[in-house]
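Enquirer: Here it is: the structure, laid out below.
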Amino acid sequence: MSVNKKKQKQARDAAVQGTNDSSVLSKVSAATQGYFLDDYLKHFVCKVYRRAPLINRGYYVRWKAIDHCVKQFLRVTESCPRRQVLTLGAGFDSLYFRLHAEGALNGLVLFELDFPDVTRRKAALISNSTPLKECLGPFSHSTTGPVYVHGDQYCLLGVDVRENAQVEEALSGAGLDWSAPTLLLSEVVLTYMETQWSDAVICWAARLLPQSLFVMYEQIRPHNPFGRVMEDHFLKLNSTLHALRRYPDLAAQTNRFLDRGWEQCVCLDMNDFYLGHIAEKERCRVESLEPFDEFEEWHHKCSHYFILTASRGSLTSQALLSHPTGSPIPAVRALLSSHSLVVRPMDGDLCVEGLGMASVSLAPGLVLLSGGSGRGGRGHIARVLVRKKAGWRCASVDSSTDWAARLHHTVTLVPGWGAVVFGGRSSPLNPIRTLLRVTGDACDLTDPVAPGDQALMKLSVTEMVCSGQPPRPRWRHTATLLRHKGQNFLFVFGGRSEAVAGLGDAHFLCIDDQRWTEIPIEGTTPEPRFSHSACPYAGGAVICGGLGGGSVPLGDTVILRPTPTGFRWEKLLLLPALVPRYSHSAHVIGDRLVLVGGVWLQADGVPGVAVADLTTGASVEFGLDTSAVPWPLMLHCFCSELLDDSDGSTTVALIGGGGNCFSFGTHHNPGPVTVDLKDVL
């Protein structure tokens, strides 16, 4: 190997070793916040840092999956006189110390492997910590390796896992019994190796350990927008995820093990594990630990990681993961049309981004955007998109009142009156209580004074003072304009609040009287939900999807139909059934409901466009061709507007969107895009 290549390899190895330091800090944060019990991790860090709730949840489900598999192995091997755990790329893992505290080490010997530099540091930390040393009992500590710590039931070895012969020699010398039931653990380890090396590890483990269970936690699905952001993140860290492209999904990972000597294999993504293997009571406990409102990112994170178990031998096969039988995720799969819809950047020089914005078309060629969060944080910024001959342009807004920082609110147009801004939040603990009226038109738009300046539009913004009993402050709700007995009403349904995870109440605001009032609704009330869609339809509204109880997406479609005295709920049966989704946008065009984007759990890829005929119940799902969009297009936490095209085509503009991609950074769609719907209507 040349000197230059050797330096490059050392740099890559050092980057991979650095992921251990980041990982242990995140695990300590989750433990400190009460997600799981581990009093030993803190001894491997200098300082405890509090991570974001999304990070804490992510490391909780990782910890829980590994812990579940460990407990299953210990259960099925309980009567064995000797059993072993072999942790590959162990880093600063604390499993031995936790099992010691739980009194679960009967007949168990735990071996840990990692780079010599990592194990040398870990050995020093153990030797300098009284609580850790007390768990080991009598042990020897070496600074030269390959065995850096050796006790009766714990052995820490510094060997490059890629060097199979050295690993086999070191483990034999340390006392590993190749015939004893053995649990192999690999938490985001093999993927950092080039696939010929990681595949070789899988092969030699199957060859040498006839009674064994292999447990692996890694990333999958690199081809969708979240996967692209995830993969790019690790590339920037010089820690390439080599297995991601070769084994991109659950089936490929399963076959990888079955083709390399393992007899059985079960592989689940983390949404399936979390909802299918963690009891509802425990999920409720975890979900109540911290304020949380990053559901899209949470579900995306879980769909891009998996937990795998592969077995050799009849005994260890009893510890395999099971496919959830009582999972709340409906067994629905997307049946995509062969026709894909092309997505293109919107014409014009536009740089508009934001998560959780709201939009409304004030007039043809004039779209108002409000609120949301961008690279500068949460803001009260309002902007308008204006269609000019040369394309769309963005104009600033000069308003008479502070809008306040709002995310996940609604802006509803009332023709001839203005628009109503309702709800939203600045944080999951601070819902917005003010109700605003916004008025303005294209006549209030002034062109830029100098090159590089933005156009400016004046809007009148006034706080509405309404009588009657107002609804609980909320966000992620819908607000739809309805007519009842000759008057305009704002129909507010669902959402969430700081105290209630999913609301199922309905409220009516009489716009003309500025009064909250009750209107009778017959029929079965839809399940409580948030991040659903609602559109005016046939004098009432059509509601679709959303996130329901237990944070599981809904796939129902419910129509609110007018009656002589009020309204009536009617459930619409669609065939084929839509894949449940939430955080999508929706429009009704004629008698067709069009859903765009969102988040689902059941299918690979991401939702594109679904079209449902509201008279016949027929539905079709279409994929999106995003090859013309030069960035990963994340269609959640976005807004959309139908554009009145002069050529008669039906085009929808998708504006904003993106998300906090776990620990991989926040991605914002940098500009609006459009989809022409004429071929599917």
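The chains in the structure tokens are called A, B, ... from first to last as shown; in each chain the residues are counted from 1, and the ligands are counted from 1 in the order shown.
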Give me the residues within 7 Å of Leu436 of chain A as a CSV table (one decimal) with C-alpha atoms, in the first residue's frame, counting only C-alpha atoms and dropping any in the same chain fewer than 3 places off.
Expert:
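Wrote selection_35.csv, looks like this:
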chain,number,residue,atom,x,y,z
A,420,VAL,CA,-58.2,34.4,8.3
A,421,VAL,CA,-55.0,33.3,10.0
A,422,PHE,CA,-55.8,30.8,12.7
A,461,VAL,CA,-53.4,42.8,9.3
A,462,THR,CA,-55.9,43.2,12.3
A,463,GLU,CA,-56.6,41.0,15.2
A,464,MET,CA,-60.1,39.6,15.3
Enquirer: For segment 465-477 of chain A, work out the shell of residues within 6 Å, counting only C-alpha atoms and skipping chain neighbours fewer than 4 positions away, then give it as a list in words.
Expert: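 So the residues in contact are His408, His409, Gly423, Gly424, Pro431, Arg433, Gly494, Gly495, Arg496, Ser497, Gln514, Arg515, Trp516, Phe530 and Ser531 of chain A.
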Enquirer: Please provide the set of residues having any atom within 8 Å of segment 84-86 of chain A, restricted to only C-alpha atoms, with same-chain residues fewer than 4 positions apart removed, written as number ranges by chain.
Expert: A: 108-113, 176, 180-185
Enquirer: Go ahead and compute the interatomic distance for atom CA of Gln253 of chain A and atom CA of Gln166 of chain A, in Å to one decimal.
Expert: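 Pair atom CA of Gln253 of chain A / atom CA of Gln166 of chain A returns 26.2 Å.
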Enquirer: Which neighbours of Val438 of chain A fall inside 12 Å, counting only C-alpha atoms, when residues of the same chain fewer than 6 positions from it are skipped, and could you give them as number ranges by chain?
Expert: A: 360, 362, 368-370, 382, 397-403, 411-422, 458-464
Enquirer: Which residues, written as number ranges by chain, have at least one atom at most 8 Å from Leu601 of chain A, with only C-alpha atoms counted and residues fewer than 6 positions away on the same chain left out?
Expert: A: 271, 299, 303, 329, 553, 580-581
Enquirer: Would you compute the distance between atom CA of Asp21 of chain A and atom CA of Gln153 of chain A? Give it in Å to one decimal.
Expert: 25.1 Å
Enquirer: What residues in segment 425-658 of chain A get the DSSP label strand (DSSP E)? Please answer as a ChimeraX atom specification.
Expert: /A:425-427,430-431,436-439,445-446,455-463,478-484,487-493,506-510,515-517,521-522,533-537,540-544,557-562,567-572,585-589,592-596,609-613,619-622,624-625,638-644,650-656,658
Enquirer: Pick out the closest residue to Gly659 of chain A from this set: A:Leu547, A:Ala586, A:Ala52, A:Cys637. Count only C-alpha atoms.
Expert: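 The answer is A:Cys637, which sits nearest to Gly659 of chain A.
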Enquirer: Nearest residue to Leu320 of chain A out of A:Asp199, A:Pro53, A:Ala279, A:Val70, using only C-alpha atoms?
Expert: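 Under the stated criterion, the closest residue is A:Val70.
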Enquirer: Taking only C-alpha atoms into account, name the residue in A:Val76, A:Asn128, A:Gly566, A:Ala205 that is nearest to Ala165 of chain A.
Expert: A:Ala205
Enquirer: Using only C-alpha atoms, which of A:Ser373, A:Leu156, A:His636, A:Cys284 sits nearest Leu171 of chain A?
Expert: A:Leu156
Enquirer: By how many Å are atom CA of Phe36 of chain A and atom CA of Lys64 of chain A apart?
Expert: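 Separation of atom CA of Phe36 of chain A and atom CA of Lys64 of chain A: 8.1 Å.
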Enquirer: Write out as a list in words the residues lying within 6 Å of Ala612 of chain A, counting only C-alpha atoms and excluding same-chain residues fewer than 3 positions away.
Expert: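 So the residues in contact are Arg592, Leu593, Ala618 and Ser619 of chain A.
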Enquirer: Pick out the closest residue to Leu355 of chain A from this set: A:Ser627, A:Ser172, A:Thr32, A:Asn660. Count only C-alpha atoms.
Expert: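 Counting only C-alpha atoms, the residue closest to Leu355 of chain A is A:Asn660.
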Enquirer: Could you name the residues that touch segment 676-678 of chain A at 10 Å or less, counting only C-alpha atoms, but leaving out those on the same chain fewer than 2 positions away, as JSON, numbers by chain?
Expert: {"A": [341, 342, 343, 344, 594, 609, 611, 642, 643, 648, 649, 650, 651, 652, 653, 674, 680, 681]}
Enquirer: Once you have the residues from the selection above, write them out as a PDB file, in the first residue's frame, restricted to N, CA and C atoms.
Expert:
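Output contents, as saved in part-v8.pdb:
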ATOM      1  N   LEU A 341     -45.554  11.543 -12.636  1.00  0.00           N
ATOM      2  CA  LEU A 341     -45.751  12.968 -12.874  1.00  0.00           C
ATOM      3  C   LEU A 341     -44.420  13.694 -12.724  1.00  0.00           C
ATOM      4  N   VAL A 342     -44.132  14.563 -13.663  1.00  0.00           N
ATOM      5  CA  VAL A 342     -42.848  15.256 -13.688  1.00  0.00           C
ATOM      6  C   VAL A 342     -42.911  16.493 -12.782  1.00  0.00           C
ATOM      7  N   VAL A 343     -41.904  16.642 -11.958  1.00  0.00           N
ATOM      8  CA  VAL A 343     -41.772  17.805 -11.083  1.00  0.00           C
ATOM      9  C   VAL A 343     -40.685  18.705 -11.650  1.00  0.00           C
ATOM     10  N   ARG A 344     -40.981  20.004 -11.711  1.00  0.00           N
ATOM     11  CA  ARG A 344     -40.013  20.965 -12.249  1.00  0.00           C
ATOM     12  C   ARG A 344     -39.908  22.164 -11.320  1.00  0.00           C
ATOM     13  N   VAL A 594     -57.242  15.396  -4.835  1.00  0.00           N
ATOM     14  CA  VAL A 594     -55.837  15.213  -5.197  1.00  0.00           C
ATOM     15  C   VAL A 594     -54.988  15.407  -3.946  1.00  0.00           C
ATOM     16  N   VAL A 609     -48.427  11.584  -5.794  1.00  0.00           N
ATOM     17  CA  VAL A 609     -49.759  12.169  -5.963  1.00  0.00           C
ATOM     18  C   VAL A 609     -50.782  11.042  -5.976  1.00  0.00           C
ATOM     19  N   VAL A 611     -54.949  10.379  -6.568  1.00  0.00           N
ATOM     20  CA  VAL A 611     -56.169  10.982  -7.099  1.00  0.00           C
ATOM     21  C   VAL A 611     -57.328  10.042  -6.781  1.00  0.00           C
ATOM     22  N   LEU A 642     -52.996  25.672  -6.077  1.00  0.00           N
ATOM     23  CA  LEU A 642     -53.343  25.485  -7.478  1.00  0.00           C
ATOM     24  C   LEU A 642     -53.119  26.792  -8.216  1.00  0.00           C
ATOM     25  N   LEU A 643     -52.479  26.712  -9.370  1.00  0.00           N
ATOM     26  CA  LEU A 643     -52.191  27.896 -10.162  1.00  0.00           C
ATOM     27  C   LEU A 643     -53.178  27.984 -11.321  1.00  0.00           C
ATOM     28  N   GLY A 648     -54.773  26.674 -19.718  1.00  0.00           N
ATOM     29  CA  GLY A 648     -55.809  25.718 -19.365  1.00  0.00           C
ATOM     30  C   GLY A 648     -55.321  24.500 -18.621  1.00  0.00           C
ATOM     31  N   SER A 649     -54.025  24.359 -18.419  1.00  0.00           N
ATOM     32  CA  SER A 649     -53.503  23.213 -17.679  1.00  0.00           C
ATOM     33  C   SER A 649     -53.757  23.391 -16.188  1.00  0.00           C
ATOM     34  N   THR A 650     -53.703  22.299 -15.469  1.00  0.00           N
ATOM     35  CA  THR A 650     -53.926  22.332 -14.026  1.00  0.00           C
ATOM     36  C   THR A 650     -52.604  22.043 -13.332  1.00  0.00           C
ATOM     37  N   THR A 651     -52.016  23.087 -12.796  1.00  0.00           N
ATOM     38  CA  THR A 651     -50.696  22.973 -12.187  1.00  0.00           C
ATOM     39  C   THR A 651     -50.786  23.288 -10.706  1.00  0.00           C
ATOM     40  N   VAL A 652     -50.078  22.504  -9.905  1.00  0.00           N
ATOM     41  CA  VAL A 652     -50.015  22.768  -8.477  1.00  0.00           C
ATOM     42  C   VAL A 652     -48.586  23.153  -8.127  1.00  0.00           C
ATOM     43  N   ALA A 653     -48.450  24.216  -7.334  1.00  0.00           N
ATOM     44  CA  ALA A 653     -47.142  24.671  -6.857  1.00  0.00           C
ATOM     45  C   ALA A 653     -46.904  24.113  -5.463  1.00  0.00           C
ATOM     46  N   THR A 674     -43.256  22.749  -9.348  1.00  0.00           N
ATOM     47  CA  THR A 674     -44.614  22.598  -9.867  1.00  0.00           C
ATOM     48  C   THR A 674     -44.820  21.196 -10.420  1.00  0.00           C
ATOM     49  N   VAL A 680     -53.779  13.369 -15.228  1.00  0.00           N
ATOM     50  CA  VAL A 680     -54.344  12.422 -14.258  1.00  0.00           C
ATOM     51  C   VAL A 680     -55.725  12.843 -13.785  1.00  0.00           C
ATOM     52  N   LEU A 681     -56.262  13.904 -14.350  1.00  0.00           N
ATOM     53  CA  LEU A 681     -57.587  14.371 -13.946  1.00  0.00           C
ATOM     54  C   LEU A 681     -58.634  14.005 -14.991  1.00  0.00           C
TER      55      LEU A 681
END
Enquirer: Have a look at A:His141, A:Arg98, A:Arg375, A:Arg406 and name the one nearest to Asn430 of chain A; count only C-alpha atoms.
Expert: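 Closest to Asn430 of chain A of all the choices is A:Arg406.
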Enquirer: Residues of segment 38-101 of chain A that have any atom at most 12 Å from an atom of segment 120-124 of chain A: could you tabulate them with the shortest-distance atom pair and the distance in Å to one decimal, using only C-alpha atoms, ordered by chain and increasing number, as a tab-separated table?
Expert:
residue	atom	partner	partner_atom	distance
A:Leu41	CA	A:Lys122	CA	11.5
A:His43	CA	A:Lys122	CA	10.1
A:Phe44	CA	A:Lys122	CA	7.5
A:Val45	CA	A:Lys122	CA	10.4
A:Ala90	CA	A:Lys122	CA	10.0
A:Gly91	CA	A:Lys122	CA	7.7
A:Phe92	CA	A:Lys122	CA	6.4
A:Asp93	CA	A:Lys122	CA	9.4
A:Ser94	CA	A:Lys122	CA	10.5
Enquirer: Please, could you write that set of residues out with all heavy atoms as a PDB file, in the first residue's frame?
Expert:
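Output (again_6.pdb):
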ATOM      1  N   LEU A  41     -23.055   4.612  31.334  1.00  0.00           N
ATOM      2  CA  LEU A  41     -22.590   5.350  30.160  1.00  0.00           C
ATOM      3  C   LEU A  41     -21.883   6.648  30.534  1.00  0.00           C
ATOM      4  O   LEU A  41     -20.919   7.055  29.885  1.00  0.00           O
ATOM      5  CB  LEU A  41     -23.777   5.667  29.246  1.00  0.00           C
ATOM      6  CG  LEU A  41     -24.249   4.562  28.317  1.00  0.00           C
ATOM      7  CD1 LEU A  41     -25.587   4.941  27.688  1.00  0.00           C
ATOM      8  CD2 LEU A  41     -23.217   4.290  27.234  1.00  0.00           C
ATOM      9  N   HIS A  43     -19.875   7.336  32.684  1.00  0.00           N
ATOM     10  CA  HIS A  43     -18.467   7.180  33.052  1.00  0.00           C
ATOM     11  C   HIS A  43     -17.552   7.149  31.826  1.00  0.00           C
ATOM     12  O   HIS A  43     -16.326   7.140  31.977  1.00  0.00           O
ATOM     13  CB  HIS A  43     -18.280   5.903  33.872  1.00  0.00           C
ATOM     14  CG  HIS A  43     -19.032   5.911  35.169  1.00  0.00           C
ATOM     15  ND1 HIS A  43     -18.694   6.740  36.220  1.00  0.00           N
ATOM     16  CD2 HIS A  43     -20.122   5.204  35.573  1.00  0.00           C
ATOM     17  CE1 HIS A  43     -19.538   6.532  37.231  1.00  0.00           C
ATOM     18  NE2 HIS A  43     -20.413   5.607  36.859  1.00  0.00           N
ATOM     19  N   PHE A  44     -18.137   7.151  30.635  1.00  0.00           N
ATOM     20  CA  PHE A  44     -17.333   7.134  29.412  1.00  0.00           C
ATOM     21  C   PHE A  44     -17.322   8.489  28.703  1.00  0.00           C
ATOM     22  O   PHE A  44     -16.830   8.591  27.584  1.00  0.00           O
ATOM     23  CB  PHE A  44     -17.862   6.055  28.457  1.00  0.00           C
ATOM     24  CG  PHE A  44     -17.679   4.660  28.980  1.00  0.00           C
ATOM     25  CD1 PHE A  44     -18.757   3.939  29.465  1.00  0.00           C
ATOM     26  CD2 PHE A  44     -16.420   4.076  28.998  1.00  0.00           C
ATOM     27  CE1 PHE A  44     -18.591   2.655  29.954  1.00  0.00           C
ATOM     28  CE2 PHE A  44     -16.243   2.783  29.478  1.00  0.00           C
ATOM     29  CZ  PHE A  44     -17.329   2.068  29.963  1.00  0.00           C
ATOM     30  N   VAL A  45     -17.886   9.514  29.335  1.00  0.00           N
ATOM     31  CA  VAL A  45     -17.870  10.852  28.742  1.00  0.00           C
ATOM     32  C   VAL A  45     -17.360  11.846  29.777  1.00  0.00           C
ATOM     33  O   VAL A  45     -17.455  11.623  30.985  1.00  0.00           O
ATOM     34  CB  VAL A  45     -19.274  11.273  28.257  1.00  0.00           C
ATOM     35  CG1 VAL A  45     -19.785  10.320  27.197  1.00  0.00           C
ATOM     36  CG2 VAL A  45     -20.255  11.370  29.409  1.00  0.00           C
ATOM     37  N   ALA A  90     -17.402  -2.298  19.384  1.00  0.00           N
ATOM     38  CA  ALA A  90     -18.154  -2.010  20.614  1.00  0.00           C
ATOM     39  C   ALA A  90     -18.079  -0.562  21.051  1.00  0.00           C
ATOM     40  O   ALA A  90     -19.001  -0.056  21.699  1.00  0.00           O
ATOM     41  CB  ALA A  90     -17.653  -2.914  21.745  1.00  0.00           C
ATOM     42  N   GLY A  91     -16.995   0.136  20.699  1.00  0.00           N
ATOM     43  CA  GLY A  91     -16.869   1.511  21.156  1.00  0.00           C
ATOM     44  C   GLY A  91     -16.941   1.584  22.666  1.00  0.00           C
ATOM     45  O   GLY A  91     -16.354   0.770  23.390  1.00  0.00           O
ATOM     46  N   PHE A  92     -17.723   2.560  23.169  1.00  0.00           N
ATOM     47  CA  PHE A  92     -17.866   2.742  24.614  1.00  0.00           C
ATOM     48  C   PHE A  92     -19.187   2.144  25.107  1.00  0.00           C
ATOM     49  O   PHE A  92     -19.829   2.682  26.008  1.00  0.00           O
ATOM     50  CB  PHE A  92     -17.791   4.221  24.974  1.00  0.00           C
ATOM     51  CG  PHE A  92     -16.417   4.826  24.788  1.00  0.00           C
ATOM     52  CD1 PHE A  92     -16.222   6.186  24.911  1.00  0.00           C
ATOM     53  CD2 PHE A  92     -15.314   4.034  24.489  1.00  0.00           C
ATOM     54  CE1 PHE A  92     -14.966   6.746  24.744  1.00  0.00           C
ATOM     55  CE2 PHE A  92     -14.059   4.571  24.320  1.00  0.00           C
ATOM     56  CZ  PHE A  92     -13.882   5.936  24.444  1.00  0.00           C
ATOM     57  N   ASP A  93     -19.582   1.048  24.516  1.00  0.00           N
ATOM     58  CA  ASP A  93     -20.830   0.391  24.906  1.00  0.00           C
ATOM     59  C   ASP A  93     -20.750  -0.061  26.362  1.00  0.00           C
ATOM     60  O   ASP A  93     -19.692  -0.463  26.855  1.00  0.00           O
ATOM     61  CB  ASP A  93     -21.085  -0.816  24.002  1.00  0.00           C
ATOM     62  CG  ASP A  93     -22.437  -1.439  24.258  1.00  0.00           C
ATOM     63  OD1 ASP A  93     -23.444  -0.764  24.016  1.00  0.00           O
ATOM     64  OD2 ASP A  93     -22.482  -2.594  24.723  1.00  0.00           O
ATOM     65  N   SER A  94     -21.892  -0.023  27.038  1.00  0.00           N
ATOM     66  CA  SER A  94     -21.928  -0.327  28.477  1.00  0.00           C
ATOM     67  C   SER A  94     -22.699  -1.604  28.786  1.00  0.00           C
ATOM     68  O   SER A  94     -23.099  -1.812  29.937  1.00  0.00           O
ATOM     69  CB  SER A  94     -22.576   0.845  29.223  1.00  0.00           C
ATOM     70  OG  SER A  94     -23.904   1.049  28.746  1.00  0.00           O
TER      71      SER A  94
END
